[in-house]
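K.L.:
Structure provided below as structure tokens; questions to follow.
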Amino acid sequence: MSETSIRFGSNAGQSVTRRDGIAKVTGAATFAADNHPEGLLHAVYVPATIARGRVIRLDTVAAKAHPGVVEVFTPENRPALAGDPDAKPFLFAFRTEVLQSAEIRYANQPIALVVAETVEAATEAARLVVPHYEALPPRLGLDGDAPYKPESGNFGRPAETVFGDVAAGHAAARHAVDLTYETPAQYHNAMETHAIVATWDGDQLALDVPSQAIVMSRGAYGYYFGIPAENVTIRSPYLGGGFGSKAVINGPALLAILAARALRRPVKLMLRREQMFGPVGHRGATRQRLRIGTDDDGRMTALDHESLAVTSTFDDFIEGAADASLGLYATESLRSTQYAVRADIGTPGPMRAPGIATGSAALECAVDEMAEAAGLDPLEFRLRNYADAEPGTGRPYSSKALRECYRQGAERFGWAGRPLAPRQMTDDRGLLVGWGMGTALFHAPMFAAEARATLRPDGTGLVETAAADMGQGAWTALAQIAADGLGLPLEKIEFRAGASDLPDGGIAGGSGHTATAGGALHAAGSDAVRRLGEIAVADPASPLFGANAGVVARDGRLFARDDDSRSESYVEIIARAGGAAVQGTGSAARPPEAAERHAMYSHGAVFAEVKIDPALFQIRVTRLVGAFAAGRIINPHLATSQLMGGMIWGLSFALHEEARHDRRTGRIVNADFAGYHIPVNADVAGLDVITVHEEDPHVNPLGIKGVGEIGITGTVGAIGNAIWHATGTRVRRFPIRIADLLAGSQSM
Ligand code: MOS
């Protein structure tokens, strides 16, 4: 154990409420669209109403004549961009539409941009732009085009992974299932839709824009506008949700920046809710085939997971669902294969638990069916097949933590005594009751981050990193880690984040932000404390003079490591040294060797109870219990809230969310919150989250994993399996609807 992890303590682990909570509930927190610089213009984009074809004529006369309209940009008068929006020159670059041609690649693609003095004028004039199309029939869905094997699967991982002899594994199976599942297109719908305020000053560009990758995206914006990254300032103090969508540069934002430069005035653009369905990414639909076999004892001989994911006609983003089978079950043979199919849609993108949300939904339902075929309780089946590997074998090594999740979750839920057969339980109102479970799993990645920490002469600390708070509480959890790094109470910490002139805080994504930015902050604090210690130990007037065993920091004082009676406050040390603040820097990234030696995941077990009306088949999730092991929990209150949010999203996935296309036009017919269903309070009952103690010495020195995405995984399968247990009907297409259960009951 390093010294830093020993000194880690008094602030981390506390359930502090959000430090920015009051600013948010009083409206003092400024989101991107709350900025109104002098001379601001408003931009609204005109969306394509077909999904494939081209604009042959765009009538802008009425729009231009509308009072307050300053300009209408179309492919014909759109100013030049320095960078090609159809190139992929940097990490996480997606091809995007910036009025570069008359071609239509998906419905809701921008085909013109109206800029006006008021948002009302811009909105009205955008309605007056009349496009004339040459339309082609859209290719949609999983069967719209021929499948192909993409260059890579989930986030650059191989499209195919095989170990063992899969054919032999299938041949040796005594029990087998061959099942196909479908998951729909889902759209990120953060409360704050994408917004940007772009302000040019010569070749300096300032952007108020919600960003999950604040420093990194400077270079991306710089690419499109031909300016160095240093010329781009990004202010992103708050995000009203991100979910992966705000980690990516989008076309409407580039159009606003382009308009601001051309018109020499600041321009604001905020997407309307329905415009979220197209140009800013989504979760691609999947079809997944799972072939599993077991021996007589219910031990897997083969796990064969093949996934087909829909991407756009012009770029590849693969919802890598087959990836979910790589990390969990000890099978004699395994194959995970990823295919893709093109459709006339906006390019999908990372959406909360990309790949694993969809993949674990299918996997965990298939595992349940496999358990049924093998005659085993689903929990017993999972325990029998979980990979109890040790560190260094390249398999998940935290199996003890997962076993503990199973144990604690099952106990809290009351799983024991569950009848094996379906349709055995009813409640006192005659509703069918079912219990199901699913295993949760998510990668525990780290990116790279830097931070700066300053001990001020008044005994307070300043910590700085360009971290992003999407609402999950990063301002609070990261400040707690930073306070421990500096050996100060949280009240004495000023935390600066959310702006690109700070040290690079890395990416708020992949459930790796706390580990990465937190690691950098802790290292920076430790560095500042070390420098302060050097000053004290070298100063004959200090009680710590000559403390050879070193010093430790606690509550704003340094103590001799081997003698607690020798100590001095930060204030005294700095004052005697001349009163200059002491600054430290730090960085964090995972050493590549560690990632090669160990598989790194967070784990969990989710248990669900559903109640279903036997005549109407209305589905209610009445209880959800999730037990998660995610390394060191920095703030139990916030972590629980994150895990709950994930589980609610799992419920949403299982029962509500689906974007539906009109097959003639290719438009999404439910592109609003009336038609695109997400759970409301009345849909969510009895959420219970357990955080299972786990010390992981390998992921990073602080032992931090992530809690942002894992809650979705496991939950979808748990609900699907509970619905089967209640009704006897296996529905293999999400979301599960009343009609599916009615159809199932008629075939019974
Ligand atoms: Mo995410 S999809 O890691 O923001």
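All residue names refer to the structure tokens as shown: chains lettered A, B, ... in order, residues numbered from 1 in each chain, ligands numbered from 1 in order.
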Could you tell me, counting only C-alpha atoms and all ligand atoms, which protein and nucleic acid residues lie no more than 12 Å from ligand 1, written as a tab-separated table (two decimals) with N, CA and C atoms, in the first residue's frame?
P.N.:
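Here's the written file result-v2.tsv:
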```tsv
chain	number	residue	atom	x	y	z
A	154	ASN	N	-17.33	-3.18	-29.39
A	154	ASN	CA	-17.58	-2.19	-28.35
A	154	ASN	C	-16.33	-1.36	-28.09
A	155	PHE	N	-16.35	-0.08	-28.42
A	155	PHE	CA	-15.24	0.83	-28.13
A	155	PHE	C	-13.88	0.29	-28.54
A	187	TYR	N	-33.07	6.90	-27.13
A	187	TYR	CA	-32.44	8.22	-27.29
A	187	TYR	C	-32.13	8.84	-25.95
A	188	HIS	N	-30.90	9.35	-25.80
A	188	HIS	CA	-30.54	10.06	-24.57
A	188	HIS	C	-31.49	11.24	-24.46
A	190	ALA	N	-31.46	13.84	-21.81
A	190	ALA	CA	-31.10	14.62	-20.63
A	190	ALA	C	-32.12	15.73	-20.43
A	211	SER	N	-20.32	19.89	-21.49
A	211	SER	CA	-19.35	18.97	-22.08
A	211	SER	C	-18.90	17.93	-21.06
A	212	GLN	N	-18.86	16.69	-21.51
A	212	GLN	CA	-18.33	15.61	-20.69
A	212	GLN	C	-16.83	15.43	-20.91
A	213	ALA	N	-16.25	16.23	-21.80
A	213	ALA	CA	-14.82	16.09	-22.10
A	213	ALA	C	-14.27	17.48	-22.37
A	239	LEU	N	-23.93	20.43	-16.10
A	239	LEU	CA	-24.65	19.78	-17.18
A	239	LEU	C	-25.96	19.25	-16.60
A	241	GLY	N	-27.48	16.60	-17.13
A	241	GLY	CA	-27.45	15.24	-17.67
A	241	GLY	C	-26.60	15.18	-18.93
A	242	GLY	N	-25.98	14.04	-19.16
A	242	GLY	CA	-25.14	13.88	-20.33
A	242	GLY	C	-25.34	12.51	-20.96
A	243	PHE	N	-25.10	11.46	-20.16
A	243	PHE	CA	-25.36	10.08	-20.57
A	243	PHE	C	-24.53	9.63	-21.75
A	244	GLY	N	-23.45	10.32	-22.04
A	244	GLY	CA	-22.59	9.97	-23.18
A	244	GLY	C	-22.78	10.90	-24.35
A	245	SER	N	-23.98	11.44	-24.48
A	245	SER	CA	-24.30	12.29	-25.63
A	245	SER	C	-23.47	13.57	-25.64
A	246	LYS	N	-23.12	14.08	-24.47
A	246	LYS	CA	-22.40	15.34	-24.42
A	246	LYS	C	-20.88	15.15	-24.35
A	247	ALA	N	-20.45	13.92	-24.66
A	247	ALA	CA	-19.01	13.68	-24.81
A	247	ALA	C	-18.59	13.87	-26.26
A	248	VAL	N	-19.57	14.09	-27.13
A	248	VAL	CA	-19.34	14.06	-28.58
A	248	VAL	C	-19.69	15.42	-29.17
A	281	GLY	N	-26.83	11.60	-31.41
A	281	GLY	CA	-26.53	10.24	-30.97
A	281	GLY	C	-27.70	9.55	-30.29
A	282	HIS	N	-27.57	8.25	-30.20
A	282	HIS	CA	-28.58	7.44	-29.50
A	282	HIS	C	-27.99	6.05	-29.30
A	283	ARG	N	-28.77	5.19	-28.65
A	283	ARG	CA	-28.35	3.80	-28.51
A	283	ARG	C	-28.95	3.00	-29.66
A	319	GLU	N	-23.15	-0.53	-31.05
A	319	GLU	CA	-23.63	-0.88	-29.71
A	319	GLU	C	-23.18	-2.32	-29.48
A	348	PRO	N	-25.50	6.30	-34.13
A	348	PRO	CA	-25.61	6.08	-32.69
A	348	PRO	C	-24.35	6.58	-31.97
A	349	GLY	N	-24.35	6.53	-30.68
A	349	GLY	CA	-23.19	6.96	-29.93
A	349	GLY	C	-23.19	6.28	-28.57
A	350	PRO	N	-22.21	6.65	-27.76
A	350	PRO	CA	-22.21	6.06	-26.43
A	350	PRO	C	-23.42	6.53	-25.63
A	351	MET	N	-24.16	5.61	-25.09
A	351	MET	CA	-25.28	5.95	-24.21
A	351	MET	C	-25.20	5.06	-22.98
A	352	ARG	N	-25.30	5.66	-21.87
A	352	ARG	CA	-25.11	5.07	-20.55
A	352	ARG	C	-25.04	3.53	-20.55
A	353	ALA	N	-23.87	3.02	-20.16
A	353	ALA	CA	-23.52	1.60	-20.21
A	353	ALA	C	-23.58	1.07	-21.64
A	354	PRO	N	-22.91	1.77	-22.58
A	354	PRO	CA	-22.97	1.34	-23.98
A	354	PRO	C	-22.52	-0.11	-24.14
A	355	GLY	N	-23.26	-0.84	-24.95
A	355	GLY	CA	-22.94	-2.25	-25.17
A	355	GLY	C	-23.40	-3.14	-24.05
A	356	ILE	N	-23.05	-2.77	-22.85
A	356	ILE	CA	-23.31	-3.68	-21.73
A	356	ILE	C	-24.77	-3.62	-21.29
A	357	ALA	N	-25.40	-2.47	-21.41
A	357	ALA	CA	-26.83	-2.39	-21.04
A	357	ALA	C	-27.64	-3.34	-21.93
A	442	PHE	N	-20.00	-3.94	-14.99
A	442	PHE	CA	-19.53	-2.87	-15.87
A	442	PHE	C	-18.04	-2.69	-15.70
A	443	HIS	N	-17.41	-2.31	-16.79
A	443	HIS	CA	-15.96	-2.08	-16.78
A	443	HIS	C	-15.60	-1.02	-15.73
A	444	ALA	N	-14.40	-1.11	-15.21
A	444	ALA	CA	-13.89	-0.08	-14.29
A	444	ALA	C	-12.68	0.57	-14.93
A	445	PRO	N	-12.91	1.43	-15.93
A	445	PRO	CA	-11.79	2.01	-16.67
A	445	PRO	C	-11.21	3.23	-15.96
A	446	MET	N	-10.06	3.64	-16.43
A	446	MET	CA	-9.53	4.96	-16.08
A	446	MET	C	-9.11	5.64	-17.36
A	447	PHE	N	-9.25	6.94	-17.40
A	447	PHE	CA	-8.71	7.73	-18.50
A	447	PHE	C	-7.48	8.46	-17.95
A	468	ALA	N	-16.18	17.43	-14.96
A	468	ALA	CA	-17.53	17.80	-15.38
A	468	ALA	C	-18.54	17.16	-14.44
A	469	ASP	N	-19.49	17.96	-14.00
A	469	ASP	CA	-20.56	17.42	-13.15
A	469	ASP	C	-21.85	17.38	-13.96
A	470	MET	N	-22.28	16.16	-14.27
A	470	MET	CA	-23.49	15.98	-15.07
A	470	MET	C	-24.74	15.96	-14.21
A	471	GLY	N	-24.56	16.20	-12.90
A	471	GLY	CA	-25.66	16.08	-11.96
A	471	GLY	C	-25.42	14.95	-10.99
A	472	GLN	N	-24.38	14.16	-11.26
A	472	GLN	CA	-24.13	12.98	-10.43
A	472	GLN	C	-23.46	13.32	-9.11
A	507	ILE	N	-12.24	12.66	-19.09
A	507	ILE	CA	-13.59	12.46	-19.62
A	507	ILE	C	-14.53	12.04	-18.50
A	508	ALA	N	-15.67	12.70	-18.42
A	508	ALA	CA	-16.72	12.23	-17.51
A	508	ALA	C	-17.53	11.21	-18.27
A	509	GLY	N	-17.07	9.98	-18.24
A	509	GLY	CA	-17.75	8.93	-18.97
A	509	GLY	C	-17.14	7.60	-18.60
A	510	GLY	N	-17.77	6.55	-19.12
A	510	GLY	CA	-17.23	5.21	-18.87
A	510	GLY	C	-17.22	4.83	-17.41
A	511	SER	N	-17.93	5.57	-16.58
A	511	SER	CA	-17.91	5.34	-15.13
A	511	SER	C	-16.49	5.45	-14.57
A	512	GLY	N	-15.65	6.25	-15.23
A	512	GLY	CA	-14.27	6.36	-14.78
A	512	GLY	C	-13.87	7.72	-14.24
A	513	HIS	N	-14.83	8.63	-14.11
A	513	HIS	CA	-14.47	10.01	-13.80
A	513	HIS	C	-13.96	10.17	-12.36
A	646	GLY	N	-29.40	4.36	-12.21
A	646	GLY	CA	-29.14	3.31	-13.18
A	646	GLY	C	-30.24	2.25	-13.17
A	706	GLY	N	-16.39	2.64	-10.51
A	706	GLY	CA	-17.45	3.59	-10.86
A	706	GLY	C	-18.82	3.05	-10.54
A	707	VAL	N	-19.78	3.97	-10.38
A	707	VAL	CA	-21.15	3.58	-10.06
A	707	VAL	C	-22.16	4.16	-11.05
A	708	GLY	N	-21.68	4.86	-12.08
A	708	GLY	CA	-22.60	5.62	-12.93
A	708	GLY	C	-23.44	4.79	-13.88
A	709	GLU	N	-22.92	3.66	-14.31
A	709	GLU	CA	-23.60	2.95	-15.39
A	709	GLU	C	-24.08	1.55	-15.01
A	710	ILE	N	-23.42	0.95	-14.01
A	710	ILE	CA	-23.67	-0.46	-13.72
A	710	ILE	C	-25.12	-0.74	-13.33
A	712	ILE	N	-27.91	-0.04	-14.62
A	712	ILE	CA	-28.80	-0.47	-15.72
A	712	ILE	C	-28.63	-1.96	-15.96
```
K.L.:
Counting only C-alpha atoms, what is within 8 Å of stretch 269-280 of chain A, bar same-chain residues fewer than 2 positions away, as a PyMOL selection string?
P.N.:
chain A and resi 33+42-44+47+96-97+106-110+187-189+193-197+245+248+250-253+256+267+282+345-347+668+671-672
K.L.:
Choose the residue, out of A:Ile104, A:Ala605, A:Ala82, A:Ala121, that has the smallest atom-to-atom separation from A:Ile227; count only C-alpha atoms.
P.N.:
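Of all the options, A:Ala82 lies closest to A:Ile227.
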K.L.:
Hey, can you check how far atom CA of A:Ser641 sits from atom CA of A:Met191?
P.N.:
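These two atoms are separated by 16.8 Å.
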K.L.:
Name the closest residue to A:Gln100 among the candidates A:Gly417, A:Leu128, A:Thr30, A:Leu255; distances are taken between atoms, counting only C-alpha atoms.
P.N.:
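Between A:Gly417, A:Leu128, A:Thr30, A:Leu255, the residue approaching A:Gln100 most closely is A:Leu255.
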K.L.:
To one decimal place, how far is atom CA of A:Arg218 from atom CA of A:Ile111 in Å?
P.N.:
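Taking atom CA of A:Arg218 and atom CA of A:Ile111, their separation equals 25.7 Å.
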K.L.:
Have a look at A:Asp484, A:Glu572, A:Glu230, A:Glu306 and name the one nearest to A:Asp458; count only C-alpha atoms.
P.N.:
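For A:Asp458, the nearest of the given residues is A:Glu572.
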K.L.:
Please identify all polymer residues within 8 Å of A:Asp555, counting only C-alpha atoms, omitting same-chain residues fewer than 6 positions from it, and present them as a list of chain:residue names.
P.N.:
A:Gly487, A:Leu488, A:Pro489
K.L.:
When you count only C-alpha atoms, which of these residues is closest to A:Arg660: A:Pro37, A:Gly525, A:Pro540, A:Gly675?
P.N.:
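For A:Arg660, the nearest of the candidates is A:Gly675.
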K.L.:
Excluding same-chain residues fewer than 4 positions from A:Met370, what lies within 8 Å of it counting only C-alpha atoms, as number ranges by chain?
P.N.:
A: 175-177, 292-293, 366, 374
K.L.:
Would you mind exporting all heavy atoms of the selected residues as a PDB file, in the first residue's frame?
P.N.:
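Contents of part.pdb, freshly written:
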```
ATOM      1  N   HIS A 175     -27.813 -29.817 -21.835  1.00  0.00           N
ATOM      2  CA  HIS A 175     -28.958 -28.907 -21.908  1.00  0.00           C
ATOM      3  C   HIS A 175     -28.528 -27.736 -22.772  1.00  0.00           C
ATOM      4  O   HIS A 175     -27.373 -27.312 -22.682  1.00  0.00           O
ATOM      5  CB  HIS A 175     -29.347 -28.377 -20.528  1.00  0.00           C
ATOM      6  CG  HIS A 175     -29.548 -29.447 -19.497  1.00  0.00           C
ATOM      7  ND1 HIS A 175     -30.681 -30.222 -19.454  1.00  0.00           N
ATOM      8  CD2 HIS A 175     -28.750 -29.866 -18.484  1.00  0.00           C
ATOM      9  CE1 HIS A 175     -30.574 -31.079 -18.447  1.00  0.00           C
ATOM     10  NE2 HIS A 175     -29.412 -30.888 -17.840  1.00  0.00           N
ATOM     11  N   ALA A 176     -29.433 -27.233 -23.597  1.00  0.00           N
ATOM     12  CA  ALA A 176     -29.030 -26.145 -24.487  1.00  0.00           C
ATOM     13  C   ALA A 176     -30.205 -25.212 -24.748  1.00  0.00           C
ATOM     14  O   ALA A 176     -31.370 -25.630 -24.742  1.00  0.00           O
ATOM     15  CB  ALA A 176     -28.508 -26.710 -25.803  1.00  0.00           C
ATOM     16  N   VAL A 177     -29.889 -23.947 -24.960  1.00  0.00           N
ATOM     17  CA  VAL A 177     -30.894 -22.983 -25.412  1.00  0.00           C
ATOM     18  C   VAL A 177     -30.326 -22.210 -26.603  1.00  0.00           C
ATOM     19  O   VAL A 177     -29.114 -22.048 -26.738  1.00  0.00           O
ATOM     20  CB  VAL A 177     -31.316 -21.988 -24.301  1.00  0.00           C
ATOM     21  CG1 VAL A 177     -32.057 -22.692 -23.173  1.00  0.00           C
ATOM     22  CG2 VAL A 177     -30.108 -21.218 -23.759  1.00  0.00           C
ATOM     23  N   ILE A 292     -26.443 -21.210 -25.571  1.00  0.00           N
ATOM     24  CA  ILE A 292     -25.732 -21.617 -24.358  1.00  0.00           C
ATOM     25  C   ILE A 292     -25.954 -23.108 -24.159  1.00  0.00           C
ATOM     26  O   ILE A 292     -27.042 -23.627 -24.434  1.00  0.00           O
ATOM     27  CB  ILE A 292     -26.244 -20.856 -23.108  1.00  0.00           C
ATOM     28  CG1 ILE A 292     -26.305 -19.349 -23.387  1.00  0.00           C
ATOM     29  CG2 ILE A 292     -25.342 -21.128 -21.903  1.00  0.00           C
ATOM     30  CD1 ILE A 292     -26.855 -18.526 -22.234  1.00  0.00           C
ATOM     31  N   GLY A 293     -24.927 -23.792 -23.719  1.00  0.00           N
ATOM     32  CA  GLY A 293     -25.065 -25.209 -23.383  1.00  0.00           C
ATOM     33  C   GLY A 293     -24.467 -25.472 -22.012  1.00  0.00           C
ATOM     34  O   GLY A 293     -23.549 -24.769 -21.581  1.00  0.00           O
ATOM     35  N   ALA A 366     -31.213 -14.846 -21.094  1.00  0.00           N
ATOM     36  CA  ALA A 366     -30.847 -16.149 -21.650  1.00  0.00           C
ATOM     37  C   ALA A 366     -30.310 -17.075 -20.560  1.00  0.00           C
ATOM     38  O   ALA A 366     -30.605 -18.276 -20.548  1.00  0.00           O
ATOM     39  CB  ALA A 366     -29.803 -15.964 -22.753  1.00  0.00           C
ATOM     40  N   ALA A 374     -31.914 -26.305 -17.368  1.00  0.00           N
ATOM     41  CA  ALA A 374     -31.069 -27.209 -16.587  1.00  0.00           C
ATOM     42  C   ALA A 374     -31.731 -27.597 -15.270  1.00  0.00           C
ATOM     43  O   ALA A 374     -31.153 -28.352 -14.483  1.00  0.00           O
ATOM     44  CB  ALA A 374     -29.709 -26.554 -16.323  1.00  0.00           C
TER      45      ALA A 374
END
```
K.L.:
What is the distance between atom CA of A:Leu741 and atom CA of A:Tyr181, in Å to one decimal?
P.N.:
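For atom CA of A:Leu741 relative to atom CA of A:Tyr181, the distance reads 15.7 Å.
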K.L.:
Sorted by chain and rising residue number, list the residues of stretch 448-563 of chain A at most 9 Å from stretch 612-634 of chain A (counting only C-alpha atoms), each with its closest atom pair and distance in Å to one decimal, as CSV.
P.N.:
```
residue,atom,partner,partner_atom,distance
A:Ala477,CA,A:Ile634,CA,6.2
A:Leu478,CA,A:Ile634,CA,8.5
A:Gln480,CA,A:Ile634,CA,7.6
A:Ile481,CA,A:Ile634,CA,7.5
A:Thr514,CA,A:Ile634,CA,8.7
```
K.L.:
Could you take the residues named above and write them with C-alpha atoms, as a tab-separated table (two decimals), in the first residue's frame?
P.N.:
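The new file out22.tsv reads:
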```tsv
chain	number	residue	atom	x	y	z
A	477	ALA	CA	-17.26	13.56	-4.37
A	478	LEU	CA	-14.16	14.93	-6.09
A	480	GLN	CA	-14.01	15.07	-0.78
A	481	ILE	CA	-11.13	13.19	-2.35
A	514	THR	CA	-14.23	9.69	-10.01
```
K.L.:
Can you pull out the residues contacting A:Ile257? Cut-off 12 Å, using only C-alpha atoms, and skip same-chain residues under 3 positions away; I want them as a ChimeraX atom specification.
P.N.:
/A:41-43,78-81,98,113,115,195-201,203-209,221-222,224-225,232,249-254,260-269
K.L.:
For A:Ala479, please output as number ranges by chain all residues within 12 Å (counting only C-alpha atoms; exclusion window: fewer than 2 positions along the same chain).
P.N.:
A: 11-12, 14, 16-20, 451, 453, 461-465, 467, 469, 473-477, 481-497, 514, 517-522, 525, 634-635
K.L.:
Determine, counting only C-alpha atoms, which protein, DNA and RNA residues have an atom within 8 Å of an atom of A:His677; residues of the same chain fewer than 2 positions away are not included. Present the result as a list in words.
P.N.:
Ser652, His656, Glu657, Glu658, Phe673, Ala674, Gly675 and Pro679 of chain A
K.L.:
Go ahead and write the selection's residues with N, CA, C and O atoms as a PDB file, in the first residue's frame.
P.N.:
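Result file is selection_5.pdb:
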```
ATOM      1  N   SER A 652     -36.728   1.444 -17.099  1.00  0.00           N
ATOM      2  CA  SER A 652     -37.152   2.161 -18.293  1.00  0.00           C
ATOM      3  C   SER A 652     -36.885   1.327 -19.546  1.00  0.00           C
ATOM      4  O   SER A 652     -37.728   1.220 -20.442  1.00  0.00           O
ATOM      5  N   HIS A 656     -40.336   0.585 -20.856  1.00  0.00           N
ATOM      6  CA  HIS A 656     -40.832   1.862 -21.394  1.00  0.00           C
ATOM      7  C   HIS A 656     -40.197   2.324 -22.703  1.00  0.00           C
ATOM      8  O   HIS A 656     -40.892   2.660 -23.645  1.00  0.00           O
ATOM      9  N   GLU A 657     -38.868   2.417 -22.740  1.00  0.00           N
ATOM     10  CA  GLU A 657     -38.221   3.207 -23.788  1.00  0.00           C
ATOM     11  C   GLU A 657     -38.186   2.512 -25.142  1.00  0.00           C
ATOM     12  O   GLU A 657     -37.769   1.360 -25.244  1.00  0.00           O
ATOM     13  N   GLU A 658     -38.567   3.244 -26.145  1.00  0.00           N
ATOM     14  CA  GLU A 658     -38.443   2.753 -27.517  1.00  0.00           C
ATOM     15  C   GLU A 658     -38.733   3.903 -28.476  1.00  0.00           C
ATOM     16  O   GLU A 658     -39.787   4.525 -28.405  1.00  0.00           O
ATOM     17  N   PHE A 673     -41.649  13.736 -25.036  1.00  0.00           N
ATOM     18  CA  PHE A 673     -41.869  13.018 -23.784  1.00  0.00           C
ATOM     19  C   PHE A 673     -43.301  12.525 -23.616  1.00  0.00           C
ATOM     20  O   PHE A 673     -43.607  11.838 -22.650  1.00  0.00           O
ATOM     21  N   ALA A 674     -44.173  12.871 -24.541  1.00  0.00           N
ATOM     22  CA  ALA A 674     -45.500  12.272 -24.488  1.00  0.00           C
ATOM     23  C   ALA A 674     -45.453  10.862 -25.071  1.00  0.00           C
ATOM     24  O   ALA A 674     -46.094   9.944 -24.567  1.00  0.00           O
ATOM     25  N   GLY A 675     -44.651  10.701 -26.109  1.00  0.00           N
ATOM     26  CA  GLY A 675     -44.635   9.421 -26.804  1.00  0.00           C
ATOM     27  C   GLY A 675     -43.436   8.555 -26.496  1.00  0.00           C
ATOM     28  O   GLY A 675     -43.508   7.331 -26.606  1.00  0.00           O
ATOM     29  N   PRO A 679     -39.894   6.230 -17.139  1.00  0.00           N
ATOM     30  CA  PRO A 679     -40.653   6.054 -15.903  1.00  0.00           C
ATOM     31  C   PRO A 679     -40.856   7.368 -15.168  1.00  0.00           C
ATOM     32  O   PRO A 679     -39.975   8.232 -15.175  1.00  0.00           O
TER      33      PRO A 679
END
```
